[in-house]
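Enquirer: Supplied in structure tokens, the structure appears directly below.
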Amino acid sequence: MRLLMLGGTEFVGRAIVEDALARGWEVTVFHRGRHAAPAGAAPLLGDRAAPGGLAALATGSWDAVVDTWSAAPSAVRDAARLLADRVGRYAYVSSRSVYAWPPAAGLTEDGPLVEGSPDDGDVPYPESKRGGELAATAAFGPDRTLLVRAGLILGPYENVGRLPWWLGRIARGGSVLAPGPRTMPVQYIDVRDLAAWTLDAVAAGLSGPYNLVSPPGHTTMGGLLDACVRTTGSGAELRWTEPEALLAAGAAPWTELPVWLPPGETYDAMHTADVSRAVAAGLRCRPVEETVADTWAWLESLGGVAPQRPDRAGAGLSPEREAEVLAALAKG
């Protein structure tokens with residue numbers, strides 16, 4: 001199988017490239033040159049956001065292309081149009097953010113979607129991803145386009161800072177503010193499971209949209225943070241706190257306390273997806289303990305500091321903010 005990866009040097013793209021190379025596929029990575037492509041991949045340099053930036057893709061043919069682009073949909077449009085006659089299938093890594101707000105609990109792929117256009121420039125993230133879906137489908141047709149609607153993505157190479165923040169905070173030890181309830185289910189996808197499923201789906205000729213996160217009940221907030229404590233060996237004490245108290249103390253869900261959301265429509269949107277279609281198509285999710293342990297090993301190999309995407313704010317409470325929240329809880 002000959003695969004063209006648009007991107008492929010960081011997080012999701014890198015995991016896909018490494019999985020494809022491990023399968024013995026012939027992989028070409030089109031990227032801007034800011035990071036080295038994985039060993040074994042053939043690099044092509046270009047910047048799809050710049051005039052003439054797709055010149056390196058003017059020739060060549062592949063069995064499939066995988067695209068993780070999350071900015072202006074017009075960049076997906078231009079790449080897809082250029083490749084449509086020389087590539088067999090287009091897999092676009094989209095997002096569950098394309099569903100119209102608020103998504104109902106247990107939403108399937110048939111849920112209502114946000115508006116989007118393949119011709120859009122810079123637009124908000126949900127409209128960007130929806131426009132990218134439309135751009136890929138317009139160029140390749142619905143039968144040759146796979147839409148991977150991923151939810152929360154964790155694992156090695158994470159450059160958003162969610163699981164790396166929890167690991168770093170728990171590794172420091174002491175009393176750690178833990179957002180409850182401890183038994184609250186959370187949904188995420190290990191980046192390597194996303195990569196494996198996507199490549200399997202491409203090889204099988206699947207098309208259309210698929211929600212891609214772990215099945216309901218895969219783990220809980222307690223399962224995730226307990227695994228962090230065991231993996232780091234820090235002896236940290238998790239101070240479980242109910243949602244109402246955290247919100248009253250001013251703690252911001254998701255941003256200051258990554259992964260966690262209190263009960264309500266935002267929680268339903270992020271952590272209650274119906275993934276039965278993807279499971280029927282072969283989705284398998286590794287245990288949370290493996291995701292946590294491998295992410296910690298990767299972090300340690302970097303000296304404990306994860307890379308950070310320049311277009312994303314760092315996640316997690318600073319020590320000063322954690323102290324403020326703890327003080328507010330003590331008064332509450």
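For the structure tokens, the naming scheme is as follows: chains receive sequential letters (A, B, ...) according to their order of presentation, residues are indexed from 1 within each chain, and ligands are indexed from 1 in presentation order.
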With only C-alpha atoms as the counted atoms, please give the residues lying no more than 6 Å from A:Ala236, apart from itself and same-chain residues fewer than 2 positions off, as a PyMOL selection string.
Expert: chain A and resi 170+173-174+234
Enquirer: Generate the output file for the selected residues, C-alpha atoms, as a PDB file, in the first residue's frame.
Expert:
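Dumped to again-v2.pdb:
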ATOM      1  CA  ILE A 170       0.961  13.898  39.832  1.00  0.00           C
ATOM      2  CA  GLY A 173       3.445  14.439  44.452  1.00  0.00           C
ATOM      3  CA  GLY A 174       1.597  15.875  47.403  1.00  0.00           C
ATOM      4  CA  SER A 234       5.015   9.554  43.134  1.00  0.00           C
TER       5      SER A 234
END
Enquirer: So that I can check the surroundings of A:Pro307, please list as a compact mmCIF listing (two decimals) with N, CA, C and O atoms, in the first residue's frame every protein, DNA and RNA residue that reaches within 10 Å of it, counting only C-alpha atoms and ignoring chain neighbours fewer than 6 positions away.
Expert:
# COMPACT_ATOMS: atom_id res chain seq x y z
N GLU A 10 4.02 15.18 13.70
CA GLU A 10 3.62 15.41 15.08
C GLU A 10 2.37 14.60 15.42
O GLU A 10 1.54 14.34 14.56
N PHE A 11 2.21 14.25 16.65
CA PHE A 11 1.05 13.62 17.29
C PHE A 11 0.29 12.67 16.38
O PHE A 11 0.78 11.59 16.05
N TYR A 157 3.35 11.50 22.08
CA TYR A 157 3.46 12.60 21.11
C TYR A 157 2.43 13.69 21.34
O TYR A 157 2.37 14.65 20.55
N GLU A 158 1.62 13.61 22.39
CA GLU A 158 0.59 14.62 22.57
C GLU A 158 1.21 16.00 22.72
O GLU A 158 2.05 16.24 23.59
N ASN A 159 0.76 16.93 21.88
CA ASN A 159 1.30 18.29 21.90
C ASN A 159 0.22 19.32 22.25
O ASN A 159 0.34 20.49 21.91
N VAL A 160 -0.81 18.85 22.94
CA VAL A 160 -1.86 19.73 23.44
C VAL A 160 -1.71 19.93 24.94
O VAL A 160 -2.04 20.98 25.48
N GLY A 161 -1.22 18.91 25.64
CA GLY A 161 -0.84 19.08 27.03
C GLY A 161 -1.79 18.53 28.07
O GLY A 161 -1.65 18.83 29.25
N PRO A 164 -0.16 14.88 29.45
CA PRO A 164 1.15 15.28 29.98
C PRO A 164 1.04 16.17 31.22
O PRO A 164 1.84 16.06 32.15
N LEU A 299 7.35 10.95 27.81
CA LEU A 299 7.68 12.20 28.49
C LEU A 299 9.05 12.14 29.15
O LEU A 299 9.84 13.08 29.06
Enquirer: Can you tell me how far atom CA of A:Ser94 sits from atom CA of A:Val305, in Å to one decimal?
Expert: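 These atoms are spaced 27.4 Å apart.
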Enquirer: Could you give me, as a PyMOL selection string, each residue of stretch 132-259 of chain A that DSSP assigns to strand (DSSP E or B) when run on this structure's backbone?
Expert: chain A and resi 145-150+153-154+175-179+185-186+189-190+208-212+219-220+237-241+253+257
Enquirer: Could you give me, as number ranges by chain, the residues within 10 Å of A:Asp294, counting only C-alpha atoms and dropping anything in the same chain fewer than 5 positions from it?
Expert: A: 155-156, 231, 289, 299-300
Enquirer: Quick one: everything within 10 Å of stretch 130-142 of chain A, counting only C-alpha atoms, minus sequence neighbours fewer than 4 positions away in the same chain. Send it as a PyMOL selection string.
Expert: chain A and resi 67-85+87-99+113-121+123+125-126+146-149+207-209
Enquirer: Please list as an mmCIF file with C-alpha atoms, in the first residue's frame every residue within 9 Å of stretch 176-187 of chain A, counting only C-alpha atoms and excluding residues in the same chain fewer than 5 positions away.
Expert:
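out_21.cif was written with the following content:
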data_model
loop_
_atom_site.group_PDB
_atom_site.id
_atom_site.type_symbol
_atom_site.label_atom_id
_atom_site.label_comp_id
_atom_site.auth_asym_id
_atom_site.auth_seq_id
_atom_site.Cartn_x
_atom_site.Cartn_y
_atom_site.Cartn_z
ATOM 1 C CA GLY A 151 -13.030 12.827 20.108
ATOM 2 C CA LEU A 152 -10.449 13.548 22.794
ATOM 3 C CA ARG A 169 1.359 17.307 38.232
ATOM 4 C CA ILE A 170 0.961 13.898 39.832
ATOM 5 C CA VAL A 213 -13.402 7.413 20.767
ATOM 6 C CA SER A 214 -13.387 4.619 23.317
ATOM 7 C CA PRO A 215 -16.679 2.833 23.973
ATOM 8 C CA PRO A 216 -18.726 3.965 26.993
ATOM 9 C CA GLY A 217 -17.361 2.454 30.191
ATOM 10 C CA HIS A 218 -13.803 2.066 28.877
ATOM 11 C CA THR A 219 -12.493 4.032 31.866
ATOM 12 C CA THR A 220 -13.419 6.692 34.400
ATOM 13 C CA MET A 221 -11.800 9.832 35.758
ATOM 14 C CA GLY A 222 -10.655 7.711 38.684
ATOM 15 C CA GLY A 223 -9.234 5.045 36.418
ATOM 16 C CA LEU A 224 -7.242 7.643 34.493
ATOM 17 C CA LEU A 225 -5.786 9.461 37.493
ATOM 18 C CA ALA A 236 0.584 11.579 45.261
ATOM 19 C CA GLU A 237 -2.678 11.742 47.183
ATOM 20 C CA LEU A 238 -5.709 12.408 44.983
ATOM 21 C CA ARG A 239 -8.089 14.816 46.685
ATOM 22 C CA TRP A 240 -11.405 13.956 45.056
ATOM 23 C CA THR A 241 -13.760 16.915 44.942
ATOM 24 C CA GLU A 242 -17.346 17.081 43.737
ATOM 25 C CA PRO A 243 -18.181 19.154 40.646
ATOM 26 C CA LEU A 246 -14.980 22.865 42.103
ATOM 27 C CA PRO A 253 -13.363 22.454 33.515
ATOM 28 C CA LEU A 257 -8.549 20.475 34.847
ATOM 29 C CA VAL A 259 -10.232 15.881 30.369
ATOM 30 C CA TRP A 260 -12.713 16.618 33.169
ATOM 31 C CA LEU A 261 -16.165 18.090 32.588
ATOM 32 C CA PRO A 262 -18.999 18.377 35.113
ATOM 33 C CA PRO A 263 -22.342 16.720 34.333
ATOM 34 C CA TYR A 267 -20.063 16.470 29.278
ATOM 35 C CA MET A 270 -17.581 15.011 24.883
ATOM 36 C CA HIS A 271 -17.972 11.810 26.856
ATOM 37 C CA THR A 272 -21.136 9.976 25.714
ATOM 38 C CA ALA A 273 -20.602 9.338 21.999
ATOM 39 C CA GLU A 322 -4.152 25.187 42.265
ATOM 40 C CA VAL A 325 -8.619 26.804 44.223
ATOM 41 C CA LEU A 326 -7.629 24.698 47.227
#
Enquirer: Identify, on the basis of only C-alpha atoms, every residue whose closest approach to stretch 20-27 of chain A does not exceed 7 Å; exclude the query and any residue fewer than 3 positions from it along the same chain; express the result as a ChimeraX atom specification.
Expert: /A:1-4,16-17,41-42
Enquirer: Let me see the file: selected residues, N, CA and C atoms, as a PDB file, in the first residue's frame.
Expert:
ATOM      1  N   MET A   1       0.847  -1.199   0.000  1.00  0.00           N
ATOM      2  CA  MET A   1       0.000   0.000   0.000  1.00  0.00           C
ATOM      3  C   MET A   1       0.878   1.243   0.000  1.00  0.00           C
ATOM      4  N   ARG A   2       0.578   2.166  -0.890  1.00  0.00           N
ATOM      5  CA  ARG A   2       1.310   3.436  -0.983  1.00  0.00           C
ATOM      6  C   ARG A   2       0.461   4.524  -0.329  1.00  0.00           C
ATOM      7  N   LEU A   3       0.993   5.108   0.749  1.00  0.00           N
ATOM      8  CA  LEU A   3       0.253   6.089   1.533  1.00  0.00           C
ATOM      9  C   LEU A   3       0.906   7.453   1.430  1.00  0.00           C
ATOM     10  N   LEU A   4       0.104   8.471   1.199  1.00  0.00           N
ATOM     11  CA  LEU A   4       0.545   9.857   1.283  1.00  0.00           C
ATOM     12  C   LEU A   4      -0.033  10.438   2.563  1.00  0.00           C
ATOM     13  N   ILE A  16       0.160   7.799  12.778  1.00  0.00           N
ATOM     14  CA  ILE A  16      -0.324   7.129  11.570  1.00  0.00           C
ATOM     15  C   ILE A  16       0.847   6.698  10.695  1.00  0.00           C
ATOM     16  N   VAL A  17       1.824   7.587  10.530  1.00  0.00           N
ATOM     17  CA  VAL A  17       2.985   7.245   9.705  1.00  0.00           C
ATOM     18  C   VAL A  17       3.749   6.065  10.311  1.00  0.00           C
ATOM     19  N   ALA A  41      10.165   7.077   6.055  1.00  0.00           N
ATOM     20  CA  ALA A  41       9.195   7.769   5.204  1.00  0.00           C
ATOM     21  C   ALA A  41       9.929   8.665   4.213  1.00  0.00           C
ATOM     22  N   ALA A  42       9.373   8.794   3.025  1.00  0.00           N
ATOM     23  CA  ALA A  42       9.950   9.680   2.014  1.00  0.00           C
ATOM     24  C   ALA A  42       9.362  11.072   2.191  1.00  0.00           C
TER      25      ALA A  42
END
Enquirer: Leaving out A:Gly304 and any residue of its chain fewer than 5 positions from it, which residues lie within 10 Å of it when counting only C-alpha atoms, given as a PDB file with N, CA, C and O atoms, in the first residue's frame?
Expert:
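selection25.pdb, freshly written:
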ATOM      1  N   PRO A 164      -0.156  14.881  29.446  1.00  0.00           N
ATOM      2  CA  PRO A 164       1.148  15.281  29.984  1.00  0.00           C
ATOM      3  C   PRO A 164       1.036  16.173  31.219  1.00  0.00           C
ATOM      4  O   PRO A 164       1.845  16.056  32.150  1.00  0.00           O
ATOM      5  N   LEU A 167       0.153  13.936  34.227  1.00  0.00           N
ATOM      6  CA  LEU A 167       1.320  13.138  34.627  1.00  0.00           C
ATOM      7  C   LEU A 167       2.353  14.006  35.334  1.00  0.00           C
ATOM      8  O   LEU A 167       2.914  13.605  36.371  1.00  0.00           O
ATOM      9  N   GLY A 168       2.614  15.183  34.797  1.00  0.00           N
ATOM     10  CA  GLY A 168       3.583  16.059  35.428  1.00  0.00           C
ATOM     11  C   GLY A 168       3.143  16.519  36.802  1.00  0.00           C
ATOM     12  O   GLY A 168       3.946  16.571  37.752  1.00  0.00           O
ATOM     13  N   ALA A 171       3.293  13.561  39.209  1.00  0.00           N
ATOM     14  CA  ALA A 171       4.685  13.196  39.475  1.00  0.00           C
ATOM     15  C   ALA A 171       5.308  14.088  40.542  1.00  0.00           C
ATOM     16  O   ALA A 171       6.219  13.661  41.264  1.00  0.00           O
ATOM     17  N   TRP A 296       3.929   8.375  29.733  1.00  0.00           N
ATOM     18  CA  TRP A 296       4.933   8.726  30.751  1.00  0.00           C
ATOM     19  C   TRP A 296       6.338   8.364  30.281  1.00  0.00           C
ATOM     20  O   TRP A 296       7.278   9.161  30.448  1.00  0.00           O
ATOM     21  N   ALA A 297       6.491   7.205  29.688  1.00  0.00           N
ATOM     22  CA  ALA A 297       7.810   6.799  29.181  1.00  0.00           C
ATOM     23  C   ALA A 297       8.286   7.766  28.104  1.00  0.00           C
ATOM     24  O   ALA A 297       9.464   8.146  28.064  1.00  0.00           O
ATOM     25  N   TRP A 298       7.382   8.182  27.235  1.00  0.00           N
ATOM     26  CA  TRP A 298       7.739   9.163  26.200  1.00  0.00           C
ATOM     27  C   TRP A 298       8.130  10.491  26.822  1.00  0.00           C
ATOM     28  O   TRP A 298       9.137  11.100  26.434  1.00  0.00           O
ATOM     29  N   LEU A 299       7.353  10.947  27.811  1.00  0.00           N
ATOM     30  CA  LEU A 299       7.676  12.202  28.492  1.00  0.00           C
ATOM     31  C   LEU A 299       9.047  12.141  29.154  1.00  0.00           C
ATOM     32  O   LEU A 299       9.839  13.083  29.059  1.00  0.00           O
TER      33      LEU A 299
END
Enquirer: Could you find all residues in stretch 18-227 of chain A that DSSP calls helix (DSSP H, G or I) from the backbone, and write them as number ranges by chain?
Expert: A: 18-22, 55-57, 73-83, 96-98, 125-140, 142-144, 162-171, 191-204, 221-227
